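Below: final17.pdb (PDB, C-alpha atoms and all ligand atoms)
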```pdb
MODEL        1
ATOM      1  CA  MET A   1      10.232   0.093  -8.018
ATOM      2  CA  ALA A   2       6.442   0.345  -7.811
ATOM      3  CA  ARG A   3       4.932   3.239  -9.710
ATOM      4  CA  ILE A   4       1.638   5.187  -9.558
ATOM      5  CA  THR A   5       0.158   5.285 -13.056
ATOM      6  CA  ALA A   6      -3.139   7.090 -12.490
ATOM      7  CA  SER A   7      -5.685   8.318  -9.986
ATOM      8  CA  VAL A   8      -9.395   7.588 -10.222
ATOM      9  CA  TYR A   9     -12.148   9.496  -8.393
ATOM     10  CA  SER A  10     -15.731   8.341  -7.986
ATOM     11  CA  SER A  11     -18.834   8.680  -5.853
ATOM     12  CA  HIS A  12     -19.955   5.490  -4.081
ATOM     13  CA  VAL A  13     -23.753   5.782  -3.640
ATOM     14  CA  PRO A  14     -25.156   2.428  -2.368
ATOM     15  CA  ALA A  15     -28.170   2.631  -4.722
ATOM     16  CA  ILE A  16     -25.698   2.361  -7.642
ATOM     17  CA  GLY A  17     -24.534  -0.977  -6.255
ATOM     18  CA  ALA A  18     -28.132  -2.148  -5.914
ATOM     19  CA  ALA A  19     -28.893  -1.063  -9.524
ATOM     20  CA  ILE A  20     -25.947  -3.170 -10.751
ATOM     21  CA  ASP A  21     -26.753  -6.175  -8.563
ATOM     22  CA  LEU A  22     -30.443  -6.151  -9.549
ATOM     23  CA  GLY A  23     -29.810  -5.736 -13.297
ATOM     24  CA  LYS A  24     -31.307  -2.232 -13.567
ATOM     25  CA  THR A  25     -28.439  -0.400 -15.257
ATOM     26  CA  SER A  26     -30.289   0.137 -18.556
ATOM     27  CA  GLU A  27     -33.490   1.461 -16.963
ATOM     28  CA  PRO A  28     -34.184   5.107 -17.952
ATOM     29  CA  TYR A  29     -33.339   6.428 -14.458
ATOM     30  CA  TRP A  30     -29.944   4.711 -14.345
ATOM     31  CA  GLN A  31     -28.833   4.551 -17.984
ATOM     32  CA  PRO A  32     -27.294   8.080 -18.152
ATOM     33  CA  LEU A  33     -25.277   7.404 -15.019
ATOM     34  CA  PHE A  34     -23.791   4.115 -16.229
ATOM     35  CA  ALA A  35     -23.174   5.614 -19.687
ATOM     36  CA  GLY A  36     -20.831   8.073 -17.962
ATOM     37  CA  TYR A  37     -18.602   5.173 -16.830
ATOM     38  CA  GLU A  38     -18.416   3.306 -20.163
ATOM     39  CA  LYS A  39     -15.298   5.101 -21.350
ATOM     40  CA  SER A  40     -13.694   4.457 -17.961
ATOM     41  CA  ARG A  41     -14.326   0.723 -18.147
ATOM     42  CA  ARG A  42     -12.748   0.579 -21.612
ATOM     43  CA  TRP A  43      -9.773   2.631 -20.399
ATOM     44  CA  MET A  44      -9.440   0.310 -17.403
ATOM     45  CA  GLU A  45      -9.244  -2.750 -19.641
ATOM     46  CA  GLU A  46      -6.182  -1.258 -21.307
ATOM     47  CA  ASN A  47      -4.658   0.317 -18.203
ATOM     48  CA  ARG A  48      -5.300  -2.282 -15.549
ATOM     49  CA  PRO A  49      -2.845  -1.904 -12.661
ATOM     50  CA  ASP A  50      -1.483  -4.663 -10.450
ATOM     51  CA  VAL A  51      -2.833  -2.974  -7.319
ATOM     52  CA  VAL A  52      -5.484  -0.374  -6.496
ATOM     53  CA  PHE A  53      -4.856   1.683  -3.350
ATOM     54  CA  LEU A  54      -8.479   2.470  -2.581
ATOM     55  CA  ILE A  55      -9.311   5.387  -0.281
ATOM     56  CA  TYR A  56     -12.878   5.193   0.996
ATOM     57  CA  ASN A  57     -14.904   5.598   4.137
ATOM     58  CA  ASP A  58     -16.461   2.864   6.193
ATOM     59  CA  HIS A  59     -20.134   3.546   7.025
ATOM     60  CA  ALA A  60     -20.270   1.909  10.486
ATOM     61  CA  SER A  61     -19.811  -1.521   8.855
ATOM     62  CA  ALA A  62     -16.294  -2.475  10.020
ATOM     63  CA  PHE A  63     -15.947   0.189  12.709
ATOM     64  CA  SER A  64     -18.649   1.247  15.144
ATOM     65  CA  LEU A  65     -18.900   4.068  17.662
ATOM     66  CA  GLU A  66     -16.525   1.988  19.796
ATOM     67  CA  ILE A  67     -13.470   2.640  17.617
ATOM     68  CA  VAL A  68     -13.084   5.569  15.215
ATOM     69  CA  PRO A  69      -9.723   5.496  13.426
ATOM     70  CA  THR A  70      -9.002   8.627  11.400
ATOM     71  CA  PHE A  71      -6.835   6.766   8.854
ATOM     72  CA  ALA A  72      -6.835   2.946   8.682
ATOM     73  CA  ILE A  73      -4.850   0.776   6.259
ATOM     74  CA  GLY A  74      -5.962  -2.779   5.448
ATOM     75  CA  THR A  75      -2.990  -5.149   5.558
ATOM     76  CA  ALA A  76      -4.923  -8.444   5.319
ATOM     77  CA  GLU A  77      -4.725 -11.124   2.589
ATOM     78  CA  ARG A  78      -8.464 -10.797   1.949
ATOM     79  CA  PHE A  79     -11.373  -8.595   2.954
ATOM     80  CA  PRO A  80     -14.924 -10.020   3.194
ATOM     81  CA  ILE A  81     -17.907  -8.052   1.879
ATOM     82  CA  ALA A  82     -19.826  -6.312   4.683
ATOM     83  CA  ASP A  83     -23.456  -7.024   5.442
ATOM     84  CA  GLU A  84     -24.994  -3.537   5.547
ATOM     85  CA  GLY A  85     -28.448  -4.715   6.514
ATOM     86  CA  TRP A  86     -29.666  -6.444   3.325
ATOM     87  CA  GLY A  87     -27.021  -9.179   3.272
ATOM     88  CA  PRO A  88     -23.576  -8.724   1.705
ATOM     89  CA  ARG A  89     -23.538  -7.452  -1.920
ATOM     90  CA  PRO A  90     -23.131 -10.384  -4.363
ATOM     91  CA  VAL A  91     -19.636  -9.335  -5.397
ATOM     92  CA  PRO A  92     -16.301 -11.166  -5.101
ATOM     93  CA  GLU A  93     -14.320 -10.821  -1.913
ATOM     94  CA  VAL A  94     -11.503  -8.309  -2.063
ATOM     95  CA  ILE A  95      -7.941  -9.656  -2.268
ATOM     96  CA  GLY A  96      -5.312  -7.488  -0.604
ATOM     97  CA  HIS A  97      -1.566  -7.031  -1.016
ATOM     98  CA  PRO A  98      -0.168  -7.512   2.507
ATOM     99  CA  GLU A  99       3.482  -6.908   1.528
ATOM    100  CA  LEU A 100       2.853  -3.578  -0.186
ATOM    101  CA  ALA A 101       0.314  -2.523   2.450
ATOM    102  CA  SER A 102       2.765  -3.262   5.275
ATOM    103  CA  HIS A 103       5.508  -1.372   3.472
ATOM    104  CA  ILE A 104       3.196   1.643   3.047
ATOM    105  CA  ALA A 105       2.225   1.476   6.738
ATOM    106  CA  GLN A 106       5.894   1.438   7.760
ATOM    107  CA  SER A 107       6.862   4.265   5.415
ATOM    108  CA  VAL A 108       3.864   6.535   6.062
ATOM    109  CA  ILE A 109       4.049   6.144   9.851
ATOM    110  CA  GLN A 110       7.752   7.001   9.666
ATOM    111  CA  GLN A 111       6.712  10.113   7.709
ATOM    112  CA  ASP A 112       4.725  11.116  10.825
ATOM    113  CA  PHE A 113       1.163  10.070   9.885
ATOM    114  CA  ASP A 114      -0.394   7.869  12.545
ATOM    115  CA  LEU A 115      -2.179   5.109  10.661
ATOM    116  CA  THR A 116      -4.267   2.396  12.274
ATOM    117  CA  VAL A 117      -3.131  -0.979  10.965
ATOM    118  CA  VAL A 118      -6.120  -3.264  10.351
ATOM    119  CA  ASN A 119      -5.526  -6.977   9.888
ATOM    120  CA  HIS A 120      -9.187  -7.986   9.736
ATOM    121  CA  MET A 121     -11.903  -5.841   8.158
ATOM    122  CA  ALA A 122     -15.107  -6.199   6.128
ATOM    123  CA  VAL A 123     -15.495  -3.658   3.297
ATOM    124  CA  ASP A 124     -18.774  -1.911   2.503
ATOM    125  CA  HIS A 125     -20.359   0.030  -0.404
ATOM    126  CA  GLY A 126     -17.794   2.807   0.022
ATOM    127  CA  LEU A 127     -15.224   0.434  -1.494
ATOM    128  CA  THR A 128     -17.295  -2.062  -3.513
ATOM    129  CA  VAL A 129     -19.439   0.390  -5.513
ATOM    130  CA  PRO A 130     -16.438   2.100  -7.166
ATOM    131  CA  LEU A 131     -14.987  -1.366  -7.949
ATOM    132  CA  SER A 132     -18.273  -2.368  -9.608
ATOM    133  CA  LEU A 133     -18.416   0.884 -11.590
ATOM    134  CA  LEU A 134     -14.903   0.450 -12.987
ATOM    135  CA  PHE A 135     -14.742  -3.345 -13.367
ATOM    136  CA  GLY A 136     -18.378  -4.436 -13.867
ATOM    137  CA  GLN A 137     -19.417  -7.864 -12.545
ATOM    138  CA  PRO A 138     -16.422 -10.219 -12.915
ATOM    139  CA  PRO A 139     -16.266 -13.574 -11.040
ATOM    140  CA  ALA A 140     -13.138 -12.260  -9.242
ATOM    141  CA  TRP A 141     -11.804  -8.692  -9.019
ATOM    142  CA  PRO A 142      -8.992  -8.380 -11.594
ATOM    143  CA  VAL A 143      -6.690  -6.387  -9.280
ATOM    144  CA  LYS A 144      -5.411  -6.566  -5.745
ATOM    145  CA  VAL A 145      -6.842  -3.863  -3.505
ATOM    146  CA  ILE A 146      -5.373  -2.115  -0.462
ATOM    147  CA  PRO A 147      -8.323  -0.621   1.443
ATOM    148  CA  PHE A 148      -7.561   2.692   3.131
ATOM    149  CA  ALA A 149     -10.428   3.860   5.347
ATOM    150  CA  VAL A 150     -10.791   7.518   6.348
ATOM    151  CA  ASN A 151     -13.150   8.734   9.038
ATOM    152  CA  VAL A 152     -15.490  11.273   7.424
ATOM    153  CA  VAL A 153     -18.557  10.048   9.279
ATOM    154  CA  LEU A 154     -18.035  11.096  12.895
ATOM    155  CA  TYR A 155     -16.553  14.402  13.962
ATOM    156  CA  PRO A 156     -13.737  15.327  14.187
ATOM    157  CA  VAL A 157     -12.791  14.650  10.540
ATOM    158  CA  PRO A 158      -9.327  15.232   9.033
ATOM    159  CA  SER A 159      -8.711  18.475   7.123
ATOM    160  CA  GLY A 160      -8.243  18.674   3.360
ATOM    161  CA  ARG A 161      -4.725  19.950   3.994
ATOM    162  CA  ARG A 162      -3.803  16.890   6.027
ATOM    163  CA  CYS A 163      -5.353  14.577   3.442
ATOM    164  CA  PHE A 164      -3.368  16.229   0.625
ATOM    165  CA  ALA A 165      -0.101  15.916   2.596
ATOM    166  CA  LEU A 166      -0.932  12.279   3.394
ATOM    167  CA  GLY A 167      -1.297  11.581  -0.333
ATOM    168  CA  GLN A 168       2.226  12.886  -0.876
ATOM    169  CA  ALA A 169       3.542  10.566   1.852
ATOM    170  CA  ILE A 170       1.674   7.629   0.281
ATOM    171  CA  ARG A 171       3.292   8.372  -3.111
ATOM    172  CA  ARG A 172       6.764   8.303  -1.515
ATOM    173  CA  ALA A 173       5.863   5.042   0.212
ATOM    174  CA  ILE A 174       4.599   3.336  -2.951
ATOM    175  CA  GLU A 175       7.529   4.525  -5.051
ATOM    176  CA  SER A 176      10.005   3.110  -2.537
ATOM    177  CA  PHE A 177       8.542  -0.432  -2.746
ATOM    178  CA  ASP A 178      11.136  -2.647  -4.349
ATOM    179  CA  GLU A 179       8.975  -4.499  -6.898
ATOM    180  CA  PRO A 180       7.962  -3.281 -10.363
ATOM    181  CA  LEU A 181       4.235  -3.048  -9.598
ATOM    182  CA  THR A 182       1.828  -0.610 -11.246
ATOM    183  CA  VAL A 183      -0.496   1.049  -8.761
ATOM    184  CA  GLN A 184      -3.574   3.220  -9.165
ATOM    185  CA  ILE A 185      -4.768   5.385  -6.325
ATOM    186  CA  TRP A 186      -8.523   5.895  -6.026
ATOM    187  CA  GLY A 187     -10.323   8.607  -4.048
ATOM    188  CA  THR A 188     -14.007   7.868  -3.490
ATOM    189  CA  GLY A 189     -17.154   9.384  -1.966
ATOM    190  CA  GLY A 190     -18.921  12.689  -2.655
ATOM    191  CA  MET A 191     -20.003  14.710  -4.434
ATOM    192  CA  SER A 192     -22.497  17.075  -2.809
ATOM    193  CA  HIS A 193     -25.103  15.248  -0.755
ATOM    194  CA  GLN A 194     -26.861  15.452   2.569
ATOM    195  CA  LEU A 195     -28.819  12.444   3.728
ATOM    196  CA  GLN A 196     -30.624  13.777   6.784
ATOM    197  CA  GLY A 197     -32.168  16.803   8.490
ATOM    198  CA  PRO A 198     -33.905  19.843   7.004
ATOM    199  CA  ARG A 199     -31.335  20.146   4.188
ATOM    200  CA  ALA A 200     -31.672  16.482   3.069
ATOM    201  CA  GLY A 201     -31.375  16.249  -0.710
ATOM    202  CA  LEU A 202     -29.040  19.227  -1.017
ATOM    203  CA  ILE A 203     -27.144  19.320  -4.341
ATOM    204  CA  ASN A 204     -24.712  22.128  -5.214
ATOM    205  CA  ARG A 205     -23.747  21.629  -8.843
ATOM    206  CA  GLU A 206     -21.745  24.854  -9.095
ATOM    207  CA  TRP A 207     -19.602  24.017  -6.056
ATOM    208  CA  ASP A 208     -19.071  20.438  -7.284
ATOM    209  CA  MET A 209     -17.925  21.694 -10.709
ATOM    210  CA  GLN A 210     -15.515  24.127  -9.122
ATOM    211  CA  PHE A 211     -14.184  21.363  -6.845
ATOM    212  CA  MET A 212     -13.347  19.218  -9.899
ATOM    213  CA  ASP A 213     -11.779  22.178 -11.767
ATOM    214  CA  ARG A 214      -9.588  23.003  -8.800
ATOM    215  CA  LEU A 215      -8.742  19.368  -8.026
ATOM    216  CA  ILE A 216      -7.270  19.143 -11.516
ATOM    217  CA  ALA A 217      -5.585  22.542 -11.749
ATOM    218  CA  GLU A 218      -4.721  23.765  -8.226
ATOM    219  CA  PRO A 219      -5.069  20.940  -5.681
ATOM    220  CA  ASP A 220      -2.662  22.653  -3.267
ATOM    221  CA  LYS A 221      -4.998  25.661  -3.001
ATOM    222  CA  LEU A 222      -8.106  23.453  -2.881
ATOM    223  CA  ALA A 223      -6.527  21.628   0.063
ATOM    224  CA  GLU A 224      -6.812  24.858   2.107
ATOM    225  CA  VAL A 225     -10.641  24.799   2.012
ATOM    226  CA  PRO A 226     -11.773  24.241   5.639
ATOM    227  CA  HIS A 227     -14.072  21.340   6.571
ATOM    228  CA  ILE A 228     -16.924  23.714   7.408
ATOM    229  CA  GLU A 229     -17.106  24.906   3.784
ATOM    230  CA  TYR A 230     -17.619  21.307   2.588
ATOM    231  CA  VAL A 231     -20.478  20.868   5.018
ATOM    232  CA  ARG A 232     -22.068  24.256   4.297
ATOM    233  CA  GLU A 233     -21.740  24.102   0.499
ATOM    234  CA  ALA A 234     -21.754  20.375  -0.288
ATOM    235  CA  GLY A 235     -23.898  19.009   2.574
ATOM    236  CA  SER A 236     -22.999  16.964   5.618
ATOM    237  CA  GLU A 237     -21.868  13.977   3.524
ATOM    238  CA  GLY A 238     -20.089  16.209   0.988
ATOM    239  CA  ILE A 239     -17.163  16.092   3.422
ATOM    240  CA  GLU A 240     -16.367  12.683   1.865
ATOM    241  CA  LEU A 241     -14.641  14.725  -0.858
ATOM    242  CA  VAL A 242     -11.565  15.301   1.319
ATOM    243  CA  MET A 243     -10.670  11.718   0.372
ATOM    244  CA  TRP A 244     -10.208  12.834  -3.254
ATOM    245  CA  LEU A 245      -7.383  15.085  -2.016
ATOM    246  CA  ILE A 246      -5.435  12.081  -0.704
ATOM    247  CA  ALA A 247      -5.437  10.498  -4.162
ATOM    248  CA  ARG A 248      -4.624  13.831  -5.816
ATOM    249  CA  GLY A 249      -1.687  14.407  -3.442
ATOM    250  CA  ALA A 250      -0.134  11.158  -4.672
ATOM    251  CA  MET A 251       0.131  12.334  -8.305
ATOM    252  CA  SER A 252       3.593  13.148  -9.690
ATOM    253  CA  ASP A 253       2.950  16.817 -10.533
ATOM    254  CA  VAL A 254       2.637  17.546  -6.811
ATOM    255  CA  ALA A 255       6.255  16.348  -6.487
ATOM    256  CA  GLY A 256       7.478  18.505  -9.382
ATOM    257  CA  GLY A 257       6.479  16.367 -12.388
ATOM    258  CA  PRO A 258       4.361  17.447 -15.369
ATOM    259  CA  PRO A 259       0.592  18.028 -14.961
ATOM    260  CA  PRO A 260      -1.537  14.871 -15.224
ATOM    261  CA  ARG A 261      -3.592  14.083 -18.325
ATOM    262  CA  VAL A 262      -7.371  14.273 -17.851
ATOM    263  CA  VAL A 263      -8.599  10.975 -19.308
ATOM    264  CA  HIS A 264     -12.258  11.386 -18.370
ATOM    265  CA  ARG A 265     -14.549  13.686 -16.423
ATOM    266  CA  PHE A 266     -18.217  13.056 -15.664
ATOM    267  CA  TYR A 267     -20.931  14.578 -13.481
ATOM    268  CA  HIS A 268     -24.515  13.473 -13.078
ATOM    269  CA  VAL A 269     -27.519  14.270 -10.872
ATOM    270  CA  PRO A 270     -29.304  12.412  -9.369
ATOM    271  CA  ALA A 271     -28.352   9.024  -8.035
ATOM    272  CA  SER A 272     -30.621   8.490  -5.072
ATOM    273  CA  ASN A 273     -30.083  11.706  -3.063
ATOM    274  CA  THR A 274     -26.631  12.328  -4.419
ATOM    275  CA  ALA A 275     -24.661  14.086  -7.112
ATOM    276  CA  VAL A 276     -22.223  11.703  -8.789
ATOM    277  CA  GLY A 277     -18.764  12.855  -9.834
ATOM    278  CA  HIS A 278     -16.063  10.871 -11.619
ATOM    279  CA  LEU A 279     -12.605  11.738 -12.865
ATOM    280  CA  ILE A 280      -9.558   9.872 -14.170
ATOM    281  CA  LEU A 281      -6.124  11.519 -14.152
ATOM    282  CA  GLU A 282      -3.090   9.815 -15.679
ATOM    283  CA  ASN A 283       0.490  10.494 -14.668
ATOM    284  CA  VAL A 284       2.510  11.648 -17.655
ATOM    285  CA  GLN A 285       5.877   9.879 -17.428
TER     286      GLN A 285
HETATM  287  C1  LIG A 301     -25.992   7.298   0.419
HETATM  288  C2  LIG A 301     -25.006   6.793   1.247
HETATM  289  C3  LIG A 301     -23.694   7.154   1.066
HETATM  290  O1  LIG A 301     -22.689   6.624   1.792
HETATM  291  C4  LIG A 301     -23.348   8.077   0.120
HETATM  292  O2  LIG A 301     -22.058   8.467   0.061
HETATM  293  C5  LIG A 301     -24.306   8.590  -0.723
HETATM  294  C6  LIG A 301     -25.636   8.193  -0.565
HETATM  295  C7  LIG A 301     -27.406   6.869   0.601
HETATM  296  O3  LIG A 301     -27.708   6.158   1.558
HETATM  297  O4  LIG A 301     -28.241   7.219  -0.257
HETATM  298 FE    FE A 302     -20.858   7.563   1.721
ENDMDL
END
```
Encoding of this model in structure tokens:
Amino acid sequence: MARITASVYSSHVPAIGAAIDLGKTSEPYWQPLFAGYEKSRRWMEENRPDVVFLIYNDHASAFSLEIVPTFAIGTAERFPIADEGWGPRPVPEVIGHPELASHIAQSVIQQDFDLTVVNHMAVDHGLTVPLSLLFGQPPAWPVKVIPFAVNVVLYPVPSGRRCFALGQAIRRAIESFDEPLTVQIWGTGGMSHQLQGPRAGLINREWDMQFMDRLIAEPDKLAEVPHIEYVREAGSEGIELVMWLIARGAMSDVAGGPPPRVVHRFYHVPASNTAVGHLILENVQ
């Protein structure tokens, strides 16, 4: 059977992608941020999974105002890199895992979550920046990726509670796939940031820290935080953090196993207008 080995959490600020693509990672502004991912890249070399189930949000690249799926799973063989206005990022195209993705769609829909099945989709910085942070600049991505897009851009957005329950359904789906694959589940976006309006530039370090503490220790209680608290405390784009609860819900402790091991935890301000958070949790078998 397939098995979830770890969950990885990371912000996805587009300026981080530009810093990598333009060779600026050792400049004084960026160096402390990339230093915070060095341990993660080493860990990834030794703990590379077959497949990454990557939860992210599309930023009006694949979906427009015309169609707003709350939860969308990418079942294609390959996913081209989106052009977000400056041309596509110079990164490899993303190779999917249609068999596992289709199995997850079947299983999760039968567990009463209405997923949108997407057979053709370009992927934007929400997905490619975390890949670059964890894998660097390889000629081809070393893992297969199942993109899972969540609407956190246009209201109404899904609740933390629903995201946490969805993660549990995704774990059951992955663990019932009849091939011995290793799978990591990534939750991306956040942390506190607001990109527009009078509160643009908002950073709430204390709230972010508490979010990470609670994500590790009491995700079921954290899942009860209403969407309005994210927006009030972490800014309008801080709501991206509900996606971390999907990944956390898929960890074994939520289904009665032992608590996960904290491999790495990192927090840094600023990256563009954003606080950057990063966490790796390993399932203890
Ligand atoms: C920016 C965009 C994002 O999607 C995000 O999550 C953080 C920052 C930006 O445009 O700076
Ligand atoms: Fe974003």
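A distance cut-off of 10 Å from ligand FE 302 (chain A), applied to only C-alpha atoms and all ligand atoms, picks out the residues A:Ser11, A:His12, A:Val13, A:Pro14, A:Tyr56, A:Asn57, A:Asp58, A:His59, A:Asp124, A:His125, A:Gly126, A:Leu127, A:Val152, A:Val153, A:Thr188, A:Gly189, A:Gly190, A:Met191, A:His193, A:Gln194, A:Leu195, A:Glu237, A:Gly238, A:Ile239, A:Glu240, A:Leu241, A:Thr274.
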Could you give me, as a PDB file with C-alpha atoms, in the coordinates of the input, the residues within 10 Å of Leu133 in chain A, counting all atoms listed in the file and dropping anything in the same chain fewer than 3 positions from it?
```pdb
ATOM      1  CA  SER A  10     -15.731   8.341  -7.986  1.00  0.00           C
ATOM      2  CA  SER A  11     -18.834   8.680  -5.853  1.00  0.00           C
ATOM      3  CA  HIS A  12     -19.955   5.490  -4.081  1.00  0.00           C
ATOM      4  CA  ILE A  16     -25.698   2.361  -7.642  1.00  0.00           C
ATOM      5  CA  GLY A  17     -24.534  -0.977  -6.255  1.00  0.00           C
ATOM      6  CA  ILE A  20     -25.947  -3.170 -10.751  1.00  0.00           C
ATOM      7  CA  PHE A  34     -23.791   4.115 -16.229  1.00  0.00           C
ATOM      8  CA  GLY A  36     -20.831   8.073 -17.962  1.00  0.00           C
ATOM      9  CA  TYR A  37     -18.602   5.173 -16.830  1.00  0.00           C
ATOM     10  CA  GLU A  38     -18.416   3.306 -20.163  1.00  0.00           C
ATOM     11  CA  SER A  40     -13.694   4.457 -17.961  1.00  0.00           C
ATOM     12  CA  ARG A  41     -14.326   0.723 -18.147  1.00  0.00           C
ATOM     13  CA  THR A 128     -17.295  -2.062  -3.513  1.00  0.00           C
ATOM     14  CA  VAL A 129     -19.439   0.390  -5.513  1.00  0.00           C
ATOM     15  CA  PRO A 130     -16.438   2.100  -7.166  1.00  0.00           C
ATOM     16  CA  GLY A 136     -18.378  -4.436 -13.867  1.00  0.00           C
ATOM     17  CA  GLN A 137     -19.417  -7.864 -12.545  1.00  0.00           C
TER      18      GLN A 137
END
```
Checklist entry - What separation in Å, quoted to one decimal, exists between CA of Asn273 in chain A and CA of Met212 in chain A? => result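 Distance between the two atoms: 19.6 Å.
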Checklist entry - Do you have the CA of Gln106 in chain A-CA of Ser64 in chain A distance handy? => result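 Between CA of Gln106 in chain A and CA of Ser64 in chain A the gap is 25.6 Å.
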Next on the checklist: When the PyMOL selection byres (((chain A and resi 251) around 8) and not hetatm) is applied to the structure above, which residues does it catch, written out as a VMD selection string?
Outcome noted: chain A and resid 4 6 to 7 168 171 247 to 250 252 to 255 260 283
Checklist entry - Out of A:Ser61, A:Asn47, A:Ser236, A:Thr5, which residue has the shortest atom-to-atom distance to Leu134 in chain A when counting all atoms listed in the file? => result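 Among A:Ser61, A:Asn47, A:Ser236, A:Thr5, it is A:Asn47 that comes nearest to Leu134 in chain A.
Comparing the minimum interatomic distances between ligand LIG 301 (chain A) and each of A:Gly23, A:Pro219, A:Gly85, A:Gly74, counting only C-alpha atoms and all ligand atoms, we find that A:Gly85 sits nearest.
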Next on the checklist: For the PyMOL selection byres (((chain A and resi 99) around 12) and not hetatm), applied here, can you spell out every residue it catches as a list in words?
Outcome noted: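 Selected by the PyMOL selection byres (((chain A and resi 99) around 12) and not hetatm) here: Val51, Gly74, Thr75, Ala76, Glu77, Gly96, His97, Pro98, Leu100, Ala101, Ser102, His103, Ile104, Ala105, Gln106, Lys144, Val145, Ile146, Ile174, Phe177, Asp178, Glu179 and Leu181 of chain A.
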Item to check | Residue neighbourhood Lys221 in chain A, 12 Å, only C-alpha atoms, exclusion window fewer than 2 positions, as a list in words | outcome: Gly160, Arg161, Phe164, Phe211, Asp213, Arg214, Leu215, Ile216, Ala217, Glu218, Pro219, Ala223, Glu224, Val225, Pro226, Leu245, Gly249 and Val254 of chain A
Item to check | Pick from A:Asp21, A:Ile203, A:Pro138, A:Glu175 nearest to ligand LIG 301 (chain A), counting only C-alpha atoms and all ligand atoms | outcome: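 Looking only at the distances to ligand LIG 301 (chain A), the closest residue turns out to be A:Ile203.
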Item to check | Selected residue, from A:Ile170, A:Ile280, A:Ala275, A:Leu202, that lies nearest to Ile73 in chain A when counting all atoms listed in the file | outcome: A:Ile170
Next on the checklist: With distances taken over only C-alpha atoms and all ligand atoms, which residue among A:Arg199, A:Ala271, A:Leu222, A:Val91 lies nearest ligand LIG 301 (chain A)?
Outcome noted: A:Ala271
Checklist entry - From the set A:Glu84, A:Leu65, A:Ile185, A:Lys39, which residue has the shortest atom-to-atom contact distance to ligand LIG 301 (chain A), counting only C-alpha atoms and all ligand atoms? => result A:Glu84
Checklist entry - For the atom pair CA of Glu45 in chain A and CA of Pro142 in chain A, what is the interatomic distance in Å to one decimal place? => result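 So the two atoms, CA of Glu45 in chain A and CA of Pro142 in chain A, lie 9.8 Å apart.
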Next on the checklist: What's around Ile81 in chain A at 7 Å? Count all atoms listed in the file, leave out sequence neighbours fewer than 6 positions away in its own chain, and write the answer as a PyMOL selection string.
Outcome noted: chain A and resi 88-89+93+122-124
Where's the centre, and what are the edge lengths in Å to one decimal, of a box along x, y and z enclosing all listed atoms of ligand LIG 301 (chain A) padded 5 Å per side, as lines of an AutoDock Vina configuration file?
```
center_x = -25.1
center_y = 7.4
center_z = 0.5
size_x = 16.2
size_y = 12.4
size_z = 12.5
```
Item to check | Residues matched by the PyMOL selection byres (((chain A and resi 263-268) around 7) and not hetatm), written as a list in words | outcome: Leu33, Gly36, Arg261, Val262, Val269, Pro270, Ala275, Val276, Gly277, His278, Leu279, Ile280, Leu281 and Glu282 of chain A
Next on the checklist: Which residues are near range 68-71 of chain A? Cut-off 8 Å, all atoms listed in the file, ignore same chain within fewer than 5 positions. Put them as a ChimeraX atom specification.
Outcome noted: /A:63,114-116,148-151,154,157-158
